[in-house]
Amino acid sequence: MTETPILSTHGLTGGYGDFQALFGIDLHLMHGEVISLIGANGAGKSTFLKSVFGLLPVARDMVRYEGDAVGGTPAHRMVQRGLAMVPEGRRLFVGMSVEENMRVAIDHARVSEAEGLWTREHLFELFPILKEKRRQPIEDLSGGQQQMVAIARALLCQPKVLLCDEISLGLAPKVIREIYAVLPEISAAGTSIVLVEQDVSLAREASNRLYCMLEGRITLTGKSEDISRDDIAAAYFGATNAVA
Amino acid sequence: MQWLDAIIQGVLLGGMYAQYALGMALMFGVMRIVNIAHGDLMILLSLIAVSLAGVLPLGNLGLVVVIVPIAVAAGWTLQKFILNRVVGADPLPSLIATFGLSIALQNLMLEIWSADTRSLPNSGIASASFQIGPIYVGLLPVIVLICALVLTIGLDAVLRFSRFGRGLRAAAADTEAAAMTGVDPKRIYATATAIAVGILGLAAIFAALRATVSPSDGPAQLIYAFEAVIIGGMGSIWGAFLGAMVLGIAQAIGLRIDPGLGILFGHLVFLAVLVLRPEGIMARKR
Amino acid sequence: MTTEIKHMRVQRQTNSSRIAMTLGVLVLIALVTMPWWASSGKIRWAIELSCYIAIAQMWNLLAGYAGLVSVGQQAFIGVAGYTLFVLAQNFGVNPFIAVPLALVAPAILAVPTYFLLRRLDGPYFAIGTWVVAEAVRLATSNIDYVNAGAGLTLRVMTQYTQHQREVGFVILCAILLLVTIGGSYWLLRSRHGLALTAMRDNPVAAASQGVNVGKLRFFIFVAAAVGTGFAGAIYYMAQLRITPGAGFDPFWASMAIFIVMVGGIGAIEGAIIGALIFFFADRLFGEYGTSYLIVLGVLTLVIALFARGGVWGLLQKLGDHPWFPVRRKLIVED
């Protein structure tokens, strides 16, 4: 590797208290790439993202960002460094409007809205429906619209790396297409992306490279276009469990 | 006319209760932190004020300038070292921790100040009154009410429109998601508690001016603060103010009916609200 | 590969519990015979300690198992005490018989209180119970029939000799301990006990498994009220005097919280340990004023922050030796 990955993990282990969920994950993301992390429910994908983002305790050297060892840094400081997350289940701030949700991110972003890549206007162009509903409480929005707010909120942190945790979950196919259509634009603007997904075809189409996880370990990795469906099936479900 | 007088006295009493309740609205209403020591902290600040007044030539304004920063520091320390460890979905640890603190504080105050009641020398402001029509209205209670109103407007504005307010509401809505958005939940909570106790510092001086204070008065103020916040509706600063008004008026009316019934009437109104509209007066739709 | 299980049994008692049970029986025997070997002062101690243990057990059942944090149990203490005094003084009922009769009062108070507060969770419920207790206290101080703020005196007790009174008291205390500790233990070991533990850990999951959370909580609330009232009636009967300020003193709630949290919440053993700690702290340091309460307050704070399982929780870390085992162990024998 001649260039330093913008984000990488090295033998990442961890879990919840006594319960170990991750067993030595090695993964890297180069600047400008979109990588996807696929796996079934319970494989450890969300746990992995949380561990990278400082929401779960990990050793310092297990996570590197722009070359620095940052494992275990609290989430809000990771945002200052340049990461942002679209969390599983959206987790928007209930009781606040669309615009207020976005402004929290602006208030605490790495750089100011004026200097950064992402402005409210830019995001309203990306997601026109949000402009229309900007003053409404987020409880009034549909699932797909809420997902757009969650992505907008994360982008307004002005991240260099965007972590997306199952952004298609619970959404109708049409809505999923709308949301995934936006990803290339985000990537083109210079933001590197880690996409965690259960849906394999979505993940393959949207990413340059993919990793597959099973029971806390990486079972497959390679260029998205090069990996066969059979390889993925074996890695996703486990060779002994795959249906022949 | 008797009843009008009762209502006016109730509103003025409500002004004092509102000052107790504002800090509680921030801590319990917004952050969902139960601070059993809320009332005791206020009494502690009152007693410190009284002792300082006896030693230093500070006027009332001077006391405010000294006590409020002490209160702010106390609130910040309380959150940073104690409450931040017990913030979470389960309310029991914060309830028990602050309960222990409350007992320790009350008895510490008893040791230091003994059970005597004290008050601030007030050069007549506590007894000054003026007339509106046929009704006499105390000057100090009116000042208390006006301060309460100003604080309510200010605090509400801060929560609604400021960077800090947005961050606090976000952290209270979903602490982890707020952290993911760049908010430092521990620091923002510490600032909020500092503000809440800072307000108590001001209330402490008024309390010592208008009546006597003694080390075991804490729980009574605590219960009024909780009642006001719950009657008014969680999460709403104006709710706390209105709840305090309702409580004050209920107590004043009870007092008119029978001198022993004032506080009981307030409790009955509170219980009625719990049964009929538990989300409070200013509840937002869910 | 399957293993054939030839013979298996469920073990419920452990060595530690067998020892504890034996000691418990000995303690009860000692208690009941106290009028014949102990001084009056020590008997007073025994009565107070029994009451503390009983009140703590009931609070533990409420908070540690039913998930109901009550800061208003003093309402039931006062109500039972007052009812006892009224029955004995005003209606001439034999005071020792009046004790069980007086328990109707806390039960009657508990029912509407529960329905008033049941939809509230966590801190709201706690504050609600506190306000109810305060309301009852204030109401009592205004009712002339019970002498308002001046309180009542149990003059009828003078018809008994000191010895007779003491015998009556120790028997009542023994029954109190059997009912509260034994009752809790029986409840926890029954299928309701499993439901309670499930409810404590996760009420939604428990409900999904068929546990009628509402009914069980109601039952526990009323039972705890009666148990607490029982202790209150005995306590004030021994004091011979009750006033609204004493019978409905919020300090009862404080004491229950100390004892259970410092001793160890969610465990019968914890409530007993906590009561002993509190009782002896009070006897040893009470004479120096209330400063020992500062220490107890700080202790409660420290426990809530760093050792939520209390003293019993810390002891459990050294070894699992329950006195009142509620778990079942599957023993497979060949």
# chains A, B, ... in the order shown; residues from 1 in each chain; ligands from 1
$ select_by_dssp --residues "segment 253-319 of chain C" --states "alpha helix (DSSP H)" --output "number ranges by chain"
C: 253-263, 268-285, 291-306, 310-318
$ interface_residues --of "chain B" --to "chain A" --cutoff "7 Å" --atoms "only C-alpha atoms" --output "PDB file with C-alpha atoms, in the first residue's frame"
ATOM      1  CA  ARG B 163     -26.505  26.653  20.097  1.00  0.00           C
ATOM      2  CA  ARG B 166     -30.231  22.932  20.741  1.00  0.00           C
ATOM      3  CA  GLY B 167     -27.323  20.792  21.840  1.00  0.00           C
ATOM      4  CA  ALA B 170     -30.476  16.897  21.360  1.00  0.00           C
ATOM      5  CA  ALA B 173     -33.450  13.324  23.334  1.00  0.00           C
ATOM      6  CA  ASP B 174     -30.751  10.818  22.419  1.00  0.00           C
ATOM      7  CA  ALA B 177     -26.883  10.268  18.670  1.00  0.00           C
ATOM      8  CA  ALA B 179     -22.401  12.489  20.610  1.00  0.00           C
ATOM      9  CA  MET B 180     -22.374  11.169  17.042  1.00  0.00           C
ATOM     10  CA  THR B 181     -23.332  14.644  15.869  1.00  0.00           C
ATOM     11  CA  GLY B 182     -20.428  16.299  17.647  1.00  0.00           C
ATOM     12  CA  VAL B 183     -22.096  17.288  20.917  1.00  0.00           C
ATOM     13  CA  ASP B 184     -20.102  16.517  24.078  1.00  0.00           C
TER      14      ASP B 184
END
$ select_by_dssp --residues "segment 77-148 of chain B" --states "strand (DSSP E or B)" --output "PyMOL selection string"
chain B and resi 118+129-132+135-138
$ write_last_selection --atoms "C-alpha atoms" --output "PDB file, in the first residue's frame"
ATOM      1  CA  ARG B 118     -32.094  32.338  59.892  1.00  0.00           C
ATOM      2  CA  SER B 129     -45.865  47.017  50.262  1.00  0.00           C
ATOM      3  CA  PHE B 130     -47.959  49.061  47.935  1.00  0.00           C
ATOM      4  CA  GLN B 131     -51.597  49.288  47.179  1.00  0.00           C
ATOM      5  CA  ILE B 132     -53.429  48.265  44.060  1.00  0.00           C
ATOM      6  CA  ILE B 135     -55.475  45.084  47.837  1.00  0.00           C
ATOM      7  CA  TYR B 136     -52.077  45.345  49.482  1.00  0.00           C
ATOM      8  CA  VAL B 137     -49.234  43.748  47.589  1.00  0.00           C
ATOM      9  CA  GLY B 138     -45.777  43.154  49.025  1.00  0.00           C
TER      10      GLY B 138
END
$ closest_atom_pairs --of "chain B" --to "chain C" --cutoff "6 Å" --atoms "only C-alpha atoms" --output "JSON lines"
{"residue": "B:Pro93", "atom": "CA", "partner": "C:Ala304", "partner_atom": "CA", "distance": 5.5}
{"residue": "B:Ala97", "atom": "CA", "partner": "C:Leu301", "partner_atom": "CA", "distance": 4.3}
{"residue": "B:Gly100", "atom": "CA", "partner": "C:Gly297", "partner_atom": "CA", "distance": 4.1}
{"residue": "B:Leu101", "atom": "CA", "partner": "C:Gly297", "partner_atom": "CA", "distance": 5.9}
{"residue": "B:Ile103", "atom": "CA", "partner": "C:Gly297", "partner_atom": "CA", "distance": 5.2}
{"residue": "B:Ala104", "atom": "CA", "partner": "C:Ile294", "partner_atom": "CA", "distance": 4.0}
{"residue": "B:Asn107", "atom": "CA", "partner": "C:Ile294", "partner_atom": "CA", "distance": 5.7}
{"residue": "B:Leu264", "atom": "CA", "partner": "C:Ala135", "partner_atom": "CA", "distance": 5.6}
$ atom_distance --atom1 "atom CA of Tyr288 of chain C" --atom2 "atom CA of Ile36 of chain B"
26.1 Å
$ closest_atom_pairs --of "segment 37-92 of chain A" --to "segment 217-225 of chain A" --cutoff "10 Å" --atoms "only C-alpha atoms" --output "tab-separated table"
residue	atom	partner	partner_atom	distance
A:Leu37	CA	A:Thr221	CA	9.2
A:Ile38	CA	A:Ile218	CA	9.6
A:Gly39	CA	A:Ile218	CA	9.4
A:Ala43	CA	A:Arg217	CA	8.0
A:Gly44	CA	A:Arg217	CA	8.1
A:Lys45	CA	A:Arg217	CA	9.7
$ write_last_selection --atoms "N, CA and C atoms" --output "CSV table (one decimal), in the first residue's frame"
chain,number,residue,atom,x,y,z
A,37,LEU,N,-19.7,-3.1,3.8
A,37,LEU,CA,-19.5,-4.2,4.8
A,37,LEU,C,-20.9,-4.9,4.9
A,38,ILE,N,-20.9,-6.2,4.4
A,38,ILE,CA,-22.2,-6.9,4.4
A,38,ILE,C,-22.1,-8.0,5.4
A,39,GLY,N,-23.3,-8.5,5.7
A,39,GLY,CA,-23.4,-9.7,6.6
A,39,GLY,C,-24.8,-9.8,7.2
A,43,ALA,N,-24.1,-10.3,12.7
A,43,ALA,CA,-22.7,-10.6,12.3
A,43,ALA,C,-21.7,-9.7,13.0
A,44,GLY,N,-22.2,-8.6,13.4
A,44,GLY,CA,-21.3,-7.7,14.1
A,44,GLY,C,-21.0,-6.4,13.4
A,45,LYS,N,-21.8,-6.1,12.3
A,45,LYS,CA,-21.5,-4.9,11.5
A,45,LYS,C,-21.7,-3.6,12.3
$ residues_around --residues "segment 142-152 of chain A" --least-positions-apart "5" --cutoff "10 Å" --atoms "only C-alpha atoms" --output "mmCIF file with C-alpha atoms, in the first residue's frame"
data_model
loop_
_atom_site.group_PDB
_atom_site.id
_atom_site.type_symbol
_atom_site.label_atom_id
_atom_site.label_comp_id
_atom_site.auth_asym_id
_atom_site.auth_seq_id
_atom_site.Cartn_x
_atom_site.Cartn_y
_atom_site.Cartn_z
ATOM 1 C CA ALA A 84 -19.614 11.151 10.890
ATOM 2 C CA MET A 85 -22.186 8.430 11.181
ATOM 3 C CA VAL A 86 -25.682 7.846 9.884
ATOM 4 C CA PRO A 87 -26.733 5.539 12.715
ATOM 5 C CA GLU A 88 -28.852 2.426 12.501
ATOM 6 C CA GLY A 89 -32.467 3.358 13.049
ATOM 7 C CA ARG A 90 -31.805 6.973 12.133
ATOM 8 C CA ARG A 91 -31.848 8.197 15.741
ATOM 9 C CA LEU A 92 -32.990 11.680 14.984
ATOM 10 C CA PHE A 93 -33.691 14.106 17.826
ATOM 11 C CA VAL A 98 -35.912 18.957 10.566
ATOM 12 C CA GLU A 99 -33.978 22.184 10.459
ATOM 13 C CA ASN A 101 -31.786 18.486 13.729
ATOM 14 C CA MET A 102 -29.578 19.786 10.952
ATOM 15 C CA ALA A 105 -24.739 19.229 13.368
ATOM 16 C CA TRP A 118 -21.886 20.756 2.715
ATOM 17 C CA THR A 119 -24.313 23.598 3.245
ATOM 18 C CA ARG A 120 -27.992 23.504 4.062
ATOM 19 C CA HIS A 122 -26.728 22.082 -1.026
ATOM 20 C CA LEU A 123 -28.544 19.456 1.013
ATOM 21 C CA PHE A 124 -31.915 20.928 0.173
ATOM 22 C CA LEU A 126 -29.995 16.901 -2.823
ATOM 23 C CA PHE A 127 -33.174 16.208 -0.866
ATOM 24 C CA PRO A 128 -35.813 18.719 -2.022
ATOM 25 C CA ILE A 129 -38.510 17.284 0.238
ATOM 26 C CA LEU A 130 -36.507 18.387 3.265
ATOM 27 C CA LYS A 133 -40.630 20.164 5.485
ATOM 28 C CA ARG A 134 -37.804 22.019 7.169
ATOM 29 C CA CYS A 157 -20.714 17.555 10.328
ATOM 30 C CA LEU A 162 -19.075 8.916 6.334
ATOM 31 C CA LEU A 163 -20.185 5.726 8.085
ATOM 32 C CA CYS A 164 -23.639 4.541 6.995
ATOM 33 C CA ILE A 167 -29.629 3.090 5.681
ATOM 34 C CA SER A 168 -32.014 0.916 3.681
ATOM 35 C CA LEU A 169 -33.539 -0.765 6.702
ATOM 36 C CA GLY A 170 -37.310 -0.582 6.861
ATOM 37 C CA LEU A 171 -37.692 1.463 3.697
ATOM 38 C CA ALA A 172 -39.690 0.762 0.552
ATOM 39 C CA LYS A 174 -38.500 3.049 -4.371
ATOM 40 C CA VAL A 175 -37.312 5.093 -1.404
ATOM 41 C CA ILE A 176 -34.161 3.015 -1.120
ATOM 42 C CA GLU A 178 -33.829 7.490 -4.136
ATOM 43 C CA ILE A 179 -31.458 7.420 -1.200
ATOM 44 C CA VAL A 182 -27.453 10.256 -3.735
#
$ residues_around --residues "Ala208 of chain B" --least-positions-apart "4" --cutoff "7 Å" --atoms "only C-alpha atoms" --output "MDAnalysis selection string"
chainID B and resid 46 119:120 204 212:213
$ write_last_selection --atoms "N, CA and C atoms" --output "tab-separated table (two decimals), in the first residue's frame"
chain	number	residue	atom	x	y	z
B	46	SER	N	-28.61	29.54	50.63
B	46	SER	CA	-29.21	30.56	51.50
B	46	SER	C	-28.40	30.74	52.76
B	119	SER	N	-32.41	34.34	58.63
B	119	SER	CA	-32.81	35.05	57.42
B	119	SER	C	-31.85	36.19	57.18
B	120	LEU	N	-31.99	36.80	56.05
B	120	LEU	CA	-31.11	37.90	55.70
B	120	LEU	C	-31.69	39.20	56.23
B	204	ALA	N	-32.16	31.41	46.26
B	204	ALA	CA	-31.73	31.26	47.64
B	204	ALA	C	-31.73	32.60	48.36
B	212	THR	N	-37.68	32.92	56.82
B	212	THR	CA	-36.51	32.32	57.45
B	212	THR	C	-36.19	31.01	56.75
B	213	VAL	N	-34.91	30.60	56.84
B	213	VAL	CA	-34.52	29.30	56.30
B	213	VAL	C	-33.85	28.50	57.40
